[in-house]
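Novice: Compact mmCIF, C-alpha atoms, file entry.txt:
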```txt
# COMPACT_ATOMS: atom_id res chain seq x y z
CA MET U 1 0.00 0.00 0.00
CA GLU U 2 1.38 3.39 -0.93
CA MET U 3 1.53 6.08 1.71
CA GLN U 4 -1.42 8.49 1.74
CA TRP U 5 -1.82 11.90 3.34
CA TRP U 6 -5.36 11.05 4.56
CA CYS U 7 -7.29 7.77 4.82
CA ALA U 8 -9.17 7.03 1.60
CA ALA U 9 -10.62 4.01 -0.19
CA GLN U 10 -8.15 1.59 -1.74
CA ASP U 11 -8.59 -1.35 -4.09
CA VAL U 12 -5.81 -3.52 -2.71
CA PRO U 13 -6.53 -6.46 -0.36
CA TRP U 14 -6.66 -5.57 3.32
CA GLU U 15 -3.62 -6.44 5.39
CA TRP U 16 -2.69 -5.67 8.98
CA SER U 17 0.39 -3.66 8.01
CA TRP U 18 0.69 -0.29 9.72
CA GLN U 19 0.46 2.75 7.46
CA PRO U 20 1.51 6.32 8.27
CA PHE U 21 -0.97 9.14 7.65
CA PRO U 22 0.91 12.42 8.23
CA GLY U 23 -2.16 14.52 7.44
CA VAL U 24 -4.02 12.96 10.37
CA TRP U 25 -1.11 13.54 12.73
CA LEU U 26 -0.76 17.14 11.59
CA PHE U 27 -4.48 17.72 12.11
CA ILE U 28 -4.38 16.38 15.68
CA LEU U 29 -1.23 18.36 16.48
CA LEU U 30 -2.83 21.58 15.21
CA LEU U 31 -5.84 21.00 17.47
CA ALA U 32 -3.52 20.38 20.42
CA PHE U 33 -1.58 23.56 19.62
CA GLY U 34 -4.82 25.54 19.38
CA TYR U 35 -5.92 24.17 22.76
CA ARG U 36 -2.64 25.29 24.30
CA ARG U 37 -3.33 28.80 22.98
CA LEU U 38 -6.80 28.69 24.55
CA LEU U 39 -5.33 27.68 27.90
CA ARG U 40 -2.98 30.67 27.76
CA ARG U 41 -5.90 32.93 26.89
CA ALA U 42 -7.87 31.58 29.84
CA ALA U 43 -4.93 32.25 32.18
CA ALA U 44 -4.56 35.79 30.79
CA ALA U 45 -8.27 36.40 31.42
CA GLY U 46 -7.62 36.01 35.15
CA GLY U 47 -10.05 33.15 35.67
CA ALA U 48 -9.63 30.16 37.94
CA PRO U 49 -6.86 27.74 36.99
CA VAL U 50 -8.00 25.17 34.45
CA SER U 51 -8.57 21.88 36.23
CA GLY U 52 -6.72 18.75 35.29
CA GLY U 53 -10.07 17.13 34.60
CA ARG U 54 -10.84 19.60 31.81
CA VAL U 55 -7.44 19.11 30.21
CA ALA U 56 -7.79 15.32 30.44
CA THR U 57 -11.26 15.52 28.89
CA PHE U 58 -9.98 17.55 25.94
CA MET U 59 -7.12 15.11 25.46
CA ALA U 60 -9.64 12.25 25.47
CA GLY U 61 -11.48 14.05 22.68
CA LEU U 62 -8.26 14.30 20.66
CA VAL U 63 -7.58 10.61 21.23
CA SER U 64 -11.10 9.79 19.99
CA LEU U 65 -10.44 11.75 16.81
CA TRP U 66 -7.05 10.14 16.32
CA LEU U 67 -8.52 6.65 16.70
CA ALA U 68 -11.26 7.43 14.18
CA LEU U 69 -9.00 8.98 11.55
CA ASP U 70 -5.77 7.01 11.74
CA TRP U 71 -4.89 3.39 10.94
CA PRO U 72 -6.61 0.94 11.19
CA ILE U 73 -10.14 2.33 11.76
CA GLY U 74 -9.62 5.19 9.32
CA VAL U 75 -8.49 2.87 6.52
CA LEU U 76 -11.15 0.23 7.18
CA GLY U 77 -13.88 2.86 7.33
CA ALA U 78 -12.73 4.63 4.20
CA GLY U 79 -12.99 1.69 1.83
CA TYR U 80 -13.41 -1.74 3.40
CA LEU U 81 -16.13 -1.99 6.07
CA ALA U 82 -19.35 -0.03 6.56
CA SER U 83 -19.26 -1.08 10.22
CA ALA U 84 -15.89 0.64 10.66
CA HIS U 85 -17.35 3.69 8.93
CA SER U 86 -20.14 3.75 11.54
CA ILE U 87 -17.56 3.57 14.33
CA GLN U 88 -15.78 6.50 12.70
CA PHE U 89 -18.99 8.51 12.64
CA LEU U 90 -19.71 7.86 16.30
CA LEU U 91 -16.18 8.78 17.37
CA ILE U 92 -16.00 11.93 15.25
CA ALA U 93 -19.55 13.30 15.62
CA LEU U 94 -20.94 11.96 18.90
CA ILE U 95 -17.98 11.24 21.19
CA ALA U 96 -15.14 13.66 20.41
CA PRO U 97 -17.17 16.94 20.20
CA PRO U 98 -18.66 16.88 23.73
CA LEU U 99 -15.26 15.95 25.16
CA LEU U 100 -13.55 18.79 23.28
CA LEU U 101 -16.22 21.30 24.29
CA TRP U 102 -16.29 20.36 27.97
CA GLY U 103 -12.51 20.38 28.07
CA THR U 104 -12.36 23.96 26.77
CA PRO U 105 -12.32 26.49 29.66
CA PRO U 106 -15.15 29.09 29.41
CA GLU U 107 -12.66 31.90 30.13
CA ALA U 108 -10.93 31.14 26.83
CA LEU U 109 -14.14 31.84 24.88
CA GLY U 110 -14.78 35.30 26.29
CA ALA U 111 -14.43 36.86 22.83
CA LEU U 112 -17.59 35.05 21.74
CA ARG U 113 -19.64 37.19 24.13
CA GLY U 114 -19.05 40.33 22.07
CA ASP U 115 -20.67 41.72 18.94
CA SER U 116 -17.95 40.77 16.48
CA VAL U 117 -18.78 38.96 13.26
CA VAL U 118 -17.27 35.75 14.65
CA ALA U 119 -19.30 35.99 17.88
CA LYS U 120 -22.55 36.63 15.99
CA THR U 121 -21.82 33.75 13.62
CA VAL U 122 -21.14 31.34 16.48
CA ARG U 123 -24.33 32.42 18.26
CA PHE U 124 -26.32 31.79 15.08
CA VAL U 125 -24.89 28.41 14.07
CA THR U 126 -25.02 27.08 17.64
CA HIS U 127 -28.64 28.07 18.18
CA PRO U 128 -30.37 24.76 19.10
CA LEU U 129 -32.74 24.81 16.12
CA ALA U 130 -30.01 25.67 13.61
CA ALA U 131 -27.57 23.19 15.16
CA ILE U 132 -29.86 20.16 15.08
CA VAL U 133 -31.09 20.92 11.55
CA VAL U 134 -27.60 21.44 10.09
CA PHE U 135 -26.22 18.40 11.91
CA ASN U 136 -28.89 16.10 10.52
CA ILE U 137 -28.48 17.54 7.03
CA ILE U 138 -24.77 16.71 7.24
CA VAL U 139 -25.45 13.21 8.59
CA GLY U 140 -28.10 12.49 5.98
CA THR U 141 -26.13 13.88 3.05
CA THR U 142 -22.88 12.08 3.88
CA HIS U 143 -24.73 8.77 4.17
CA VAL U 144 -26.40 9.07 0.75
CA PRO U 145 -24.77 6.25 -1.26
CA ALA U 146 -23.91 8.41 -4.29
CA VAL U 147 -22.27 11.06 -2.09
CA SER U 148 -20.43 8.62 0.16
CA ASP U 149 -19.13 6.43 -2.68
CA THR U 150 -17.92 9.46 -4.63
CA LEU U 151 -16.20 11.32 -1.80
CA MET U 152 -14.48 8.38 -0.15
CA ALA U 153 -12.76 7.46 -3.39
CA THR U 154 -10.28 10.31 -2.86
CA GLN U 155 -8.28 11.61 0.08
CA LEU U 156 -9.81 15.06 -0.29
CA GLY U 157 -13.32 13.63 -0.33
CA SER U 158 -12.66 11.55 2.80
CA PHE U 159 -11.25 14.64 4.50
CA VAL U 160 -14.42 16.56 3.59
CA ILE U 161 -16.64 13.91 5.17
CA ASP U 162 -14.54 13.71 8.33
CA THR U 163 -14.40 17.49 8.83
CA ALA U 164 -18.12 17.81 8.06
CA TRP U 165 -18.91 15.27 10.77
CA LEU U 166 -16.67 17.03 13.28
CA THR U 167 -18.07 20.48 12.45
CA GLY U 168 -21.65 19.23 12.60
CA GLY U 169 -20.95 17.40 15.86
CA LEU U 170 -19.51 20.54 17.47
CA MET U 171 -22.56 22.52 16.35
CA PHE U 172 -24.95 19.88 17.67
CA TRP U 173 -23.30 19.49 21.07
CA TRP U 174 -22.55 23.17 21.64
CA PRO U 175 -26.05 24.12 22.95
CA VAL U 176 -25.86 21.23 25.43
CA ILE U 177 -22.22 21.45 26.57
CA GLY U 178 -21.03 24.92 25.61
CA THR U 179 -21.13 27.75 28.15
CA VAL U 180 -20.61 30.62 25.70
CA PRO U 181 -22.84 32.20 24.52
CA GLU U 182 -25.18 31.91 27.49
CA ARG U 183 -28.70 30.69 26.74
CA PRO U 184 -30.62 30.74 30.05
CA MET U 185 -33.90 29.98 28.27
CA PHE U 186 -32.45 26.71 26.95
CA HIS U 187 -32.71 24.97 30.31
CA GLU U 188 -32.28 21.28 31.14
CA LEU U 189 -35.84 20.28 30.23
CA LEU U 190 -35.48 21.76 26.74
CA LYS U 191 -32.10 20.06 26.38
CA ILE U 192 -33.84 16.75 27.15
CA VAL U 193 -36.34 17.46 24.37
CA TYR U 194 -33.45 18.43 22.07
CA MET U 195 -31.56 15.19 22.71
CA THR U 196 -34.73 13.10 22.39
CA GLY U 197 -35.40 14.72 19.04
CA GLN U 198 -31.92 13.74 17.85
CA ALA U 199 -32.44 10.14 18.95
CA ILE U 200 -35.58 10.07 16.81
CA CYS U 201 -33.76 11.65 13.85
CA MET U 202 -31.13 8.88 13.93
CA THR U 203 -33.76 6.13 13.55
CA PRO U 204 -34.32 6.35 9.76
CA LEU U 205 -30.59 5.89 9.09
CA PHE U 206 -30.50 2.85 11.36
CA LEU U 207 -33.51 1.34 9.61
CA TYR U 208 -32.06 2.10 6.18
CA LEU U 209 -28.76 0.37 6.90
CA THR U 210 -30.13 -2.54 8.90
CA TYR U 211 -33.16 -3.59 6.89
CA SER U 212 -32.04 -2.99 3.30
CA SER U 213 -32.22 -6.22 1.31
CA HIS U 214 -29.01 -5.44 -0.57
CA PRO U 215 -25.78 -3.49 0.00
CA VAL U 216 -26.44 0.20 -0.60
CA TYR U 217 -22.81 1.36 -0.86
CA SER U 218 -20.92 0.12 -3.91
CA ARG U 219 -17.66 1.13 -2.24
CA TYR U 220 -18.10 -1.55 0.44
CA GLU U 221 -19.87 -4.05 -1.80
CA LEU U 222 -16.98 -4.10 -4.29
CA ALA U 223 -14.17 -3.65 -1.76
CA PRO U 224 -11.70 -6.48 -1.20
CA PRO U 225 -13.25 -8.69 1.51
CA VAL U 226 -11.96 -8.51 5.07
CA HIS U 227 -11.82 -12.02 6.56
CA GLY U 228 -14.83 -13.14 4.51
CA PHE U 229 -17.20 -10.56 6.06
CA ALA U 230 -20.13 -10.33 3.57
CA ALA U 231 -21.06 -6.79 2.49
CA LEU U 232 -24.73 -7.11 3.50
CA ASP U 233 -23.87 -8.52 6.93
CA ASP U 234 -21.32 -5.76 7.40
CA GLN U 235 -23.93 -3.13 6.49
CA ARG U 236 -26.42 -4.55 9.00
CA VAL U 237 -23.77 -4.50 11.70
CA ALA U 238 -23.13 -0.86 10.77
CA GLY U 239 -26.80 -0.06 11.32
CA LEU U 240 -26.84 -1.85 14.67
CA ILE U 241 -23.72 -0.01 15.80
CA MET U 242 -25.37 3.27 14.82
CA LYS U 243 -28.52 2.39 16.78
CA VAL U 244 -27.13 0.66 19.86
CA VAL U 245 -23.91 2.57 20.51
CA GLY U 246 -25.29 5.89 19.25
CA GLY U 247 -28.43 5.41 21.34
CA PHE U 248 -26.32 4.55 24.38
CA ILE U 249 -24.37 7.80 24.00
CA LEU U 250 -27.50 9.93 23.60
CA MET U 251 -29.35 8.17 26.42
CA GLY U 252 -26.35 8.60 28.72
CA ILE U 253 -26.41 12.36 28.22
CA LEU U 254 -30.21 12.34 28.52
CA THR U 255 -29.93 10.62 31.91
CA VAL U 256 -27.44 13.21 33.17
CA LEU U 257 -29.67 16.05 31.96
CA PHE U 258 -32.74 14.49 33.58
CA PHE U 259 -31.14 14.22 37.01
CA ARG U 260 -29.78 17.77 36.72
CA TRP U 261 -33.27 19.00 35.85
CA ALA U 262 -34.84 17.02 38.72
CA ARG U 263 -32.29 18.44 41.16
CA GLN U 264 -32.84 22.01 39.97
CA SER U 265 -36.65 21.82 39.91
CA GLY U 266 -37.02 19.96 43.19
CA ASP U 267 -36.25 20.91 46.79
CA ASP U 268 -32.68 20.76 47.97
CA PRO U 269 -32.40 17.97 50.63
CA ALA U 270 -30.00 20.10 52.67
CA GLU U 271 -32.47 23.01 52.71
CA LEU U 272 -35.31 20.68 53.72
CA GLN U 273 -33.20 19.31 56.58
CA ALA U 274 -32.34 22.84 57.75
CA LEU U 275 -36.02 23.87 57.69
CA ALA U 276 -37.00 20.76 59.65
CA GLU U 277 -34.36 21.45 62.28
CA ALA U 278 -35.48 25.09 62.54
CA ARG U 279 -39.11 24.03 63.06
CA GLU U 280 -38.01 21.52 65.68
CA ARG U 281 -36.06 24.18 67.59
CA LYS U 282 -39.01 26.58 67.43
CA GLU U 283 -41.37 23.92 68.74
CA ARG U 284 -38.96 23.04 71.55
CA VAL U 285 -38.69 26.70 72.59
CA ARG U 286 -42.48 27.04 72.54
CA VAL U 287 -42.92 24.00 74.76
CA GLU U 288 -40.23 25.17 77.19
CA ARG U 289 -41.74 28.65 77.43
CA GLY U 290 -45.28 27.38 77.93
CA PRO U 291 -45.10 26.82 81.73
CA LEU U 292 -43.31 30.16 82.19
CA VAL U 293 -46.11 32.02 80.39
CA GLU U 294 -48.77 30.28 82.49
CA HIS U 295 -46.89 31.11 85.74
CA GLN U 296 -46.66 34.78 84.79
CA GLY U 297 -50.40 34.79 84.03
```
Could you write out this structure as structure tokens?
Specialist:
Amino acid sequence: MEMQWWCAAQDVPWEWSWQPFPGVWLFILLLAFGYRRLLRRAAAAGGAPVSGGRVATFMAGLVSLWLALDWPIGVLGAGYLASAHSIQFLLIALIAPPLLLWGTPPEALGALRGDSVVAKTVRFVTHPLAAIVVFNIIVGTTHVPAVSDTLMATQLGSFVIDTAWLTGGLMFWWPVIGTVPERPMFHELLKIVYMTGQAICMTPLFLYLTYSSHPVYSRYELAPPVHGFAALDDQRVAGLIMKVVGGFILMGILTVLFFRWARQSGDDPAELQALAEARERKERVRVERGPLVEHQG
């Protein structure tokens, strides 16, 4: 196999021989360098020191991207297995973006609170309605067989799909994870509705991949077989991965949002305990003062 700059479909038989992809490494290094700049900006803003947890979360997001784009998942997903392509999608669009966003300190995004063109653009594209619509347009378009087969045939086309997934994923997750710009009206209950809507939007793609009676992507149907894995079986596995793993990710975030909403809308147990103790003290004082009042009468 000749060295490529980015993972793309190939017509040679699959083999477990490591391949270098310098474009992927450069991309990950540029993201790491940009994050370092953001950390410096956060420190210059005078905010609290960035916790190790945030840094580790951002690094986990970079690792997710690297796993999805580099050998072997990147190569398998680009031109051998639809199931590997589904794993790529989940890593790039549903796993890496929330990790990258949560790992970014809010102090580093202070410029997005202003009225600059960049700030206004970010506010517009990360509006919940715009974000979920654009994300699903990207997901739907990149999974159209004619589009997918055409783009993945070249390194540039594969790069376009990967960056579209990452961009769409950042847009989708920003209203849920992002702290800038502030959207107080988009509270936890609306975020639950938002995430539930996305889970519903993913269903047609799952059904399309899982229940088609024939392979829908010529790229995977005609690709050199990988250990005798039939194209139709591979496609059905891809649909199940999309449904089960994707649903697990969305339901996990939904569960966190639900408990946050329940905690915010309900009574704080500590406050209830304090009120109960205050009532008990008041009742005890009243009982103790009762005989004294009667004696004075």
Novice: Between segment 130-228 of chain U and segment 119-125 of chain U, at 10 Å or less, what are the per-residue closest atom pairs and their distances in Å? Count only C-alpha atoms, order by chain and rising residue number, and return it as CSV.
Specialist:
```
residue,atom,partner,partner_atom,distance
U:Ala130,CA,U:Val125,CA,5.8
U:Ala131,CA,U:Val125,CA,6.0
U:Ile132,CA,U:Val125,CA,9.7
U:Val134,CA,U:Val125,CA,8.5
U:Gly168,CA,U:Val125,CA,9.8
U:Met171,CA,U:Val125,CA,6.7
U:Phe172,CA,U:Val125,CA,9.3
U:Trp174,CA,U:Val125,CA,9.5
U:Pro175,CA,U:Arg123,CA,9.7
U:Val180,CA,U:Arg123,CA,8.5
U:Pro181,CA,U:Arg123,CA,6.4
U:Glu182,CA,U:Arg123,CA,9.3
U:Arg183,CA,U:Arg123,CA,9.7
```
Novice: Could you check which of U:Phe58, U:Gly197, U:Phe248, U:Val63 is closest to Gly34 of chain U, using all atoms listed in the file?
Specialist: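 Once distances to Gly34 of chain U are computed over all atoms listed in the file, the minimum belongs to U:Phe58.
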Novice: Give the padded box for segment 144-159 of chain U as JSON: axis-aligned, covering all atoms listed in the file, 6 Å on each side, centre and edge lengths in Å to one decimal.
Specialist:
```
{"center_x": -17.3, "center_y": 10.7, "center_z": -0.1, "size_x": 30.1, "size_y": 20.8, "size_z": 21.1}
```
Novice: What residues have an atom no more than 6 Å from (-8.9, 19.2, 20.2) in the file's own frame, counting all atoms listed in the file, and can you write them as a PyMOL selection string?
Specialist: chain U and resi 31-32+62+100
Novice: Could you make a table, as a tab-separated table, of the residues of segment 52-127 of chain U that have an atom within 9 Å of an atom of segment 138-160 of chain U, each with its nearest atom pair and distance in Å to one decimal, counting all atoms listed in the file, in chain and number order?
Specialist:
```
residue	atom	partner	partner_atom	distance
U:Ala78	CA	U:Met152	CA	6.0
U:Gly79	CA	U:Met152	CA	7.1
U:Phe89	CA	U:Val139	CA	9.0
```
Novice: Taking (-21.3, 13.3, 21.3) in the coordinates of the supplied file, I want to know which residues reach to within 9 Å of it, counting all atoms listed in the file; could you give the answer as a VMD selection string?
Specialist: chain U and resid 90 to 99 169 to 170 172 to 173 246 249 to 250 253
Novice: So how far away is atom CA of Leu39 of chain U from atom CA of Gly23 of chain U, in Å?
Specialist: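 Rounded to one decimal, the two atoms are 24.5 Å apart.
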Novice: Compare U:Leu109, U:Val244, U:Met185, U:Leu209 by their minimum atom-to-atom distance to Arg37 of chain U, counting all atoms listed in the file, and give me the closest one.
Specialist: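 Using all atoms listed in the file, the shortest distance to Arg37 of chain U belongs to U:Leu109.
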Novice: U:Leu222, U:Ile73, U:Met202, U:Val117: which is nearest Cys7 of chain U, counting all atoms listed in the file?
Specialist: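 Of U:Leu222, U:Ile73, U:Met202, U:Val117, the one nearest Cys7 of chain U is U:Ile73, counting all atoms listed in the file.
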Novice: What is the atom CA of Ala68 of chain U-atom CA of Leu129 of chain U distance in Å, reported with one decimal?
Specialist: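 Calculated distance between atom CA of Ala68 of chain U and atom CA of Leu129 of chain U is 27.7 Å.
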Novice: Which of these residues is nearest to Phe258 of chain U, using only C-alpha atoms: U:Leu189, U:Leu30, U:Ile200, U:Leu81?
Specialist: U:Leu189
Novice: Quick one: distance from atom CA of Gly247 of chain U to atom CA of Val133 of chain U in Å, one decimal?
Specialist: 18.5 Å
Novice: With only C-alpha atoms as the atoms that count, which of U:Ile161, U:Ala84, U:Ala48, U:Leu65 lies nearest to Ile28 of chain U?
Specialist: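 Checking each candidate against Ile28 of chain U, we get U:Leu65 as the closest.
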